[in-house]
Amino acid sequence: MMDYQKLLVVVDPTTEKQAALARAVELATESQAQITVFLSIFDFSYEMTSILSGQEREAMREGVVNQRKAWLADIVKPYTKDGVVINLEVIWHNRPFESIIKFAIDNEFDLIVKSTHEHDKLKSVIFTPTDWHLMRKAPIPVLLVKEHDWPVAGKIVCAVNVSAEDDANESLNGKIVAHALKLAKQFDAQVHLVNGYPGTPVNLAIELPDFDAHTYSETIRLQHEERINYLANAYGIAVENCHVKEGLPEDVIPDLAAKLDAELVILGTIGRTGLSAALIGNTAEHVIDSINCDLLAIKPDGYKSPLEEL
């Protein structure tokens, strides 16, 4: 899976510039992977045209699909270099995320790559409903790309959860770090680990006059530092690249990514209630809305997409 031998690139039909395709070509050049450029289209007016027979509507749909394939062929021409193989696929479907995930599952892709939109004034990434569905329901890693280059000797941030020591959590942490190390080796990048921990509960300080808030906070911090350092040592990551900060994950993770000028943040995800990474839970949407760089969302081992049953 981490070899990224088959990449599914979701193109943006509203623009000629395809950041996701450019990023996929970078990955494919390093790993000799195959790329399939994918476009899901649908026009409700074609389905509602009562004066046409079913056969005529099918012919019209096929005509539109062929037009978009011709457009895709022009789009990919500048990227066909260095022996990179790029295939084209256009599907007529009224739910883009569903067609993307089903195609990825049926054809055993290793990675979905899709561009995101940047807000001009706030310089933050705007995630579309399709992005959210992909991150929540795709059983394979999803790379959401922003329009910027990955510099040499850049920084990759892994959002890990060291607050729990159960096997499932430790396995997901390991999977996140393994993906980061693989990409870091390809692109000569540094891997950083980040974990946010909660501050002292206000109600304890109020209800227990003798409660030592400072000692409590220091104990929690030291516990998290010990665990994140242990994780780093297991994968040969320098301790100085471990970051344990007091605060909510939606503040800690984006702040560190901005401070380091990171090129990529990697999060572990689950599909039941959305994204989940280091202590994130249901606050994940706040985290990724604030991340101003590429995002790689990874599912835990054994995850089954709800679309696999359709």
# chains A, B, ... in the order shown; residues from 1 in each chain; ligands from 1
call {"tool": "select_by_dssp", "arguments": {"residues": "stretch 105-165 of chain A", "states": "strand (DSSP E or B)", "output": "ChimeraX atom specification"}}
result
/A:111-115,117-118,125-126,142-145,155-159
call {"tool": "write_last_selection", "arguments": {"atoms": "C-alpha atoms", "output": "tab-separated table (two decimals), in the first residue's frame"}}
result
chain	number	residue	atom	x	y	z
A	111	LEU	CA	-3.70	6.33	-3.19
A	112	ILE	CA	-6.35	8.91	-4.10
A	113	VAL	CA	-4.96	12.35	-4.96
A	114	LYS	CA	-7.22	15.39	-5.14
A	115	SER	CA	-6.60	19.13	-5.12
A	117	HIS	CA	-9.10	25.13	-2.84
A	118	GLU	CA	-7.33	27.98	-1.12
A	125	VAL	CA	-7.58	25.48	2.60
A	126	ILE	CA	-11.28	25.06	1.87
A	142	VAL	CA	-6.30	10.22	0.48
A	143	LEU	CA	-3.85	13.01	-0.37
A	144	LEU	CA	-5.43	16.46	-0.55
A	145	VAL	CA	-3.14	18.82	-2.41
A	155	LYS	CA	9.04	18.97	6.75
A	156	ILE	CA	6.34	16.34	7.21
A	157	VAL	CA	4.22	16.55	10.37
A	158	CYS	CA	2.63	13.39	11.83
A	159	ALA	CA	-0.34	14.02	14.12
call {"tool": "residues_around", "arguments": {"residues": "stretch 92-105 of chain A", "least_positions_apart": "2", "cutoff": "9 Å", "atoms": "only C-alpha atoms", "output": "NGL selection string"}}
result
:A and (8 or 10 or 38-44 or 61-62 or 65 or 90 or 107-112 or 129-134 or 137-140 or 305 or 307-308 or 310)
call {"tool": "closest_residue", "arguments": {"among": "A:Pro13, A:Gly196, A:Pro254, A:Gly268", "to": "A:Asp301", "atoms": "only C-alpha atoms"}}
result
A:Gly268
call {"tool": "residues_around", "arguments": {"residues": "A:Ala22", "least_positions_apart": "3", "cutoff": "12 Å", "atoms": "only C-alpha atoms", "output": "ChimeraX atom specification"}}
result
/A:9-11,16-19,25-29,35,37,75-81,84,86,113-115,145-150
call {"tool": "select_by_dssp", "arguments": {"residues": "stretch 14-155 of chain A", "states": "alpha helix (DSSP H)", "output": "PyMOL selection string"}}
result
chain A and resi 19-31+44-47+54-76+96-106+129-137
call {"tool": "residues_around", "arguments": {"residues": "A:Ala33", "least_positions_apart": "6", "cutoff": "8 Å", "atoms": "only C-alpha atoms", "output": "list in words"}}
result
Tyr4, Gln5, Lys6, Leu7, Leu27, Val84 and Val85 of chain A
call {"tool": "write_last_selection", "arguments": {"atoms": "all heavy atoms", "output": "short mmCIF file (atom, residue, chain, number, x, y, z; two decimals), in the first residue's frame"}}
result
data_model
loop_
_atom_site.label_atom_id
_atom_site.label_comp_id
_atom_site.auth_asym_id
_atom_site.auth_seq_id
_atom_site.Cartn_x
_atom_site.Cartn_y
_atom_site.Cartn_z
N TYR A 4 2.60 2.99 -3.26
CA TYR A 4 1.92 3.92 -4.15
C TYR A 4 2.18 3.57 -5.62
O TYR A 4 2.62 4.40 -6.41
CB TYR A 4 2.37 5.36 -3.89
CG TYR A 4 2.14 5.89 -2.50
CD1 TYR A 4 3.05 6.76 -1.90
CD2 TYR A 4 1.01 5.53 -1.78
CE1 TYR A 4 2.84 7.25 -0.63
CE2 TYR A 4 0.80 6.01 -0.51
CZ TYR A 4 1.72 6.87 0.07
OH TYR A 4 1.51 7.35 1.33
N GLN A 5 1.90 2.34 -5.99
CA GLN A 5 2.14 1.92 -7.36
C GLN A 5 0.99 2.29 -8.31
O GLN A 5 1.20 2.36 -9.52
CB GLN A 5 2.38 0.41 -7.40
CG GLN A 5 3.71 -0.02 -6.82
CD GLN A 5 4.89 0.65 -7.52
OE1 GLN A 5 5.07 0.51 -8.72
NE2 GLN A 5 5.67 1.39 -6.76
N LYS A 6 -0.20 2.50 -7.77
CA LYS A 6 -1.34 2.90 -8.58
C LYS A 6 -1.99 4.13 -7.95
O LYS A 6 -2.53 4.05 -6.85
CB LYS A 6 -2.36 1.76 -8.70
CG LYS A 6 -1.86 0.55 -9.48
CD LYS A 6 -2.95 -0.51 -9.61
CE LYS A 6 -4.09 -0.05 -10.49
NZ LYS A 6 -5.12 -1.10 -10.71
N LEU A 7 -1.93 5.24 -8.66
CA LEU A 7 -2.44 6.51 -8.14
C LEU A 7 -3.69 6.92 -8.91
O LEU A 7 -3.70 6.94 -10.14
CB LEU A 7 -1.39 7.61 -8.28
CG LEU A 7 0.03 7.29 -7.80
CD1 LEU A 7 0.93 8.50 -8.00
CD2 LEU A 7 0.03 6.86 -6.34
N LEU A 27 5.18 12.00 -7.32
CA LEU A 27 5.20 10.72 -6.62
C LEU A 27 5.52 9.58 -7.58
O LEU A 27 6.31 8.68 -7.27
CB LEU A 27 3.85 10.47 -5.95
CG LEU A 27 3.49 11.38 -4.77
CD1 LEU A 27 2.02 11.20 -4.40
CD2 LEU A 27 4.39 11.09 -3.57
N VAL A 84 6.30 8.32 -17.26
CA VAL A 84 5.12 8.20 -16.41
C VAL A 84 3.92 7.81 -17.27
O VAL A 84 3.63 8.44 -18.29
CB VAL A 84 4.83 9.53 -15.67
CG1 VAL A 84 3.54 9.44 -14.88
CG2 VAL A 84 5.98 9.87 -14.74
N VAL A 85 3.24 6.75 -16.84
CA VAL A 85 2.06 6.26 -17.57
C VAL A 85 0.80 6.91 -17.00
O VAL A 85 0.54 6.83 -15.80
CB VAL A 85 1.95 4.73 -17.47
CG1 VAL A 85 0.69 4.24 -18.18
CG2 VAL A 85 3.18 4.07 -18.06
#
call {"tool": "residues_around", "arguments": {"residues": "A:Glu240", "least_positions_apart": "5", "cutoff": "12 Å", "atoms": "only C-alpha atoms", "output": "PyMOL selection string"}}
result
chain A and resi 190-194+225+228-229+232-233
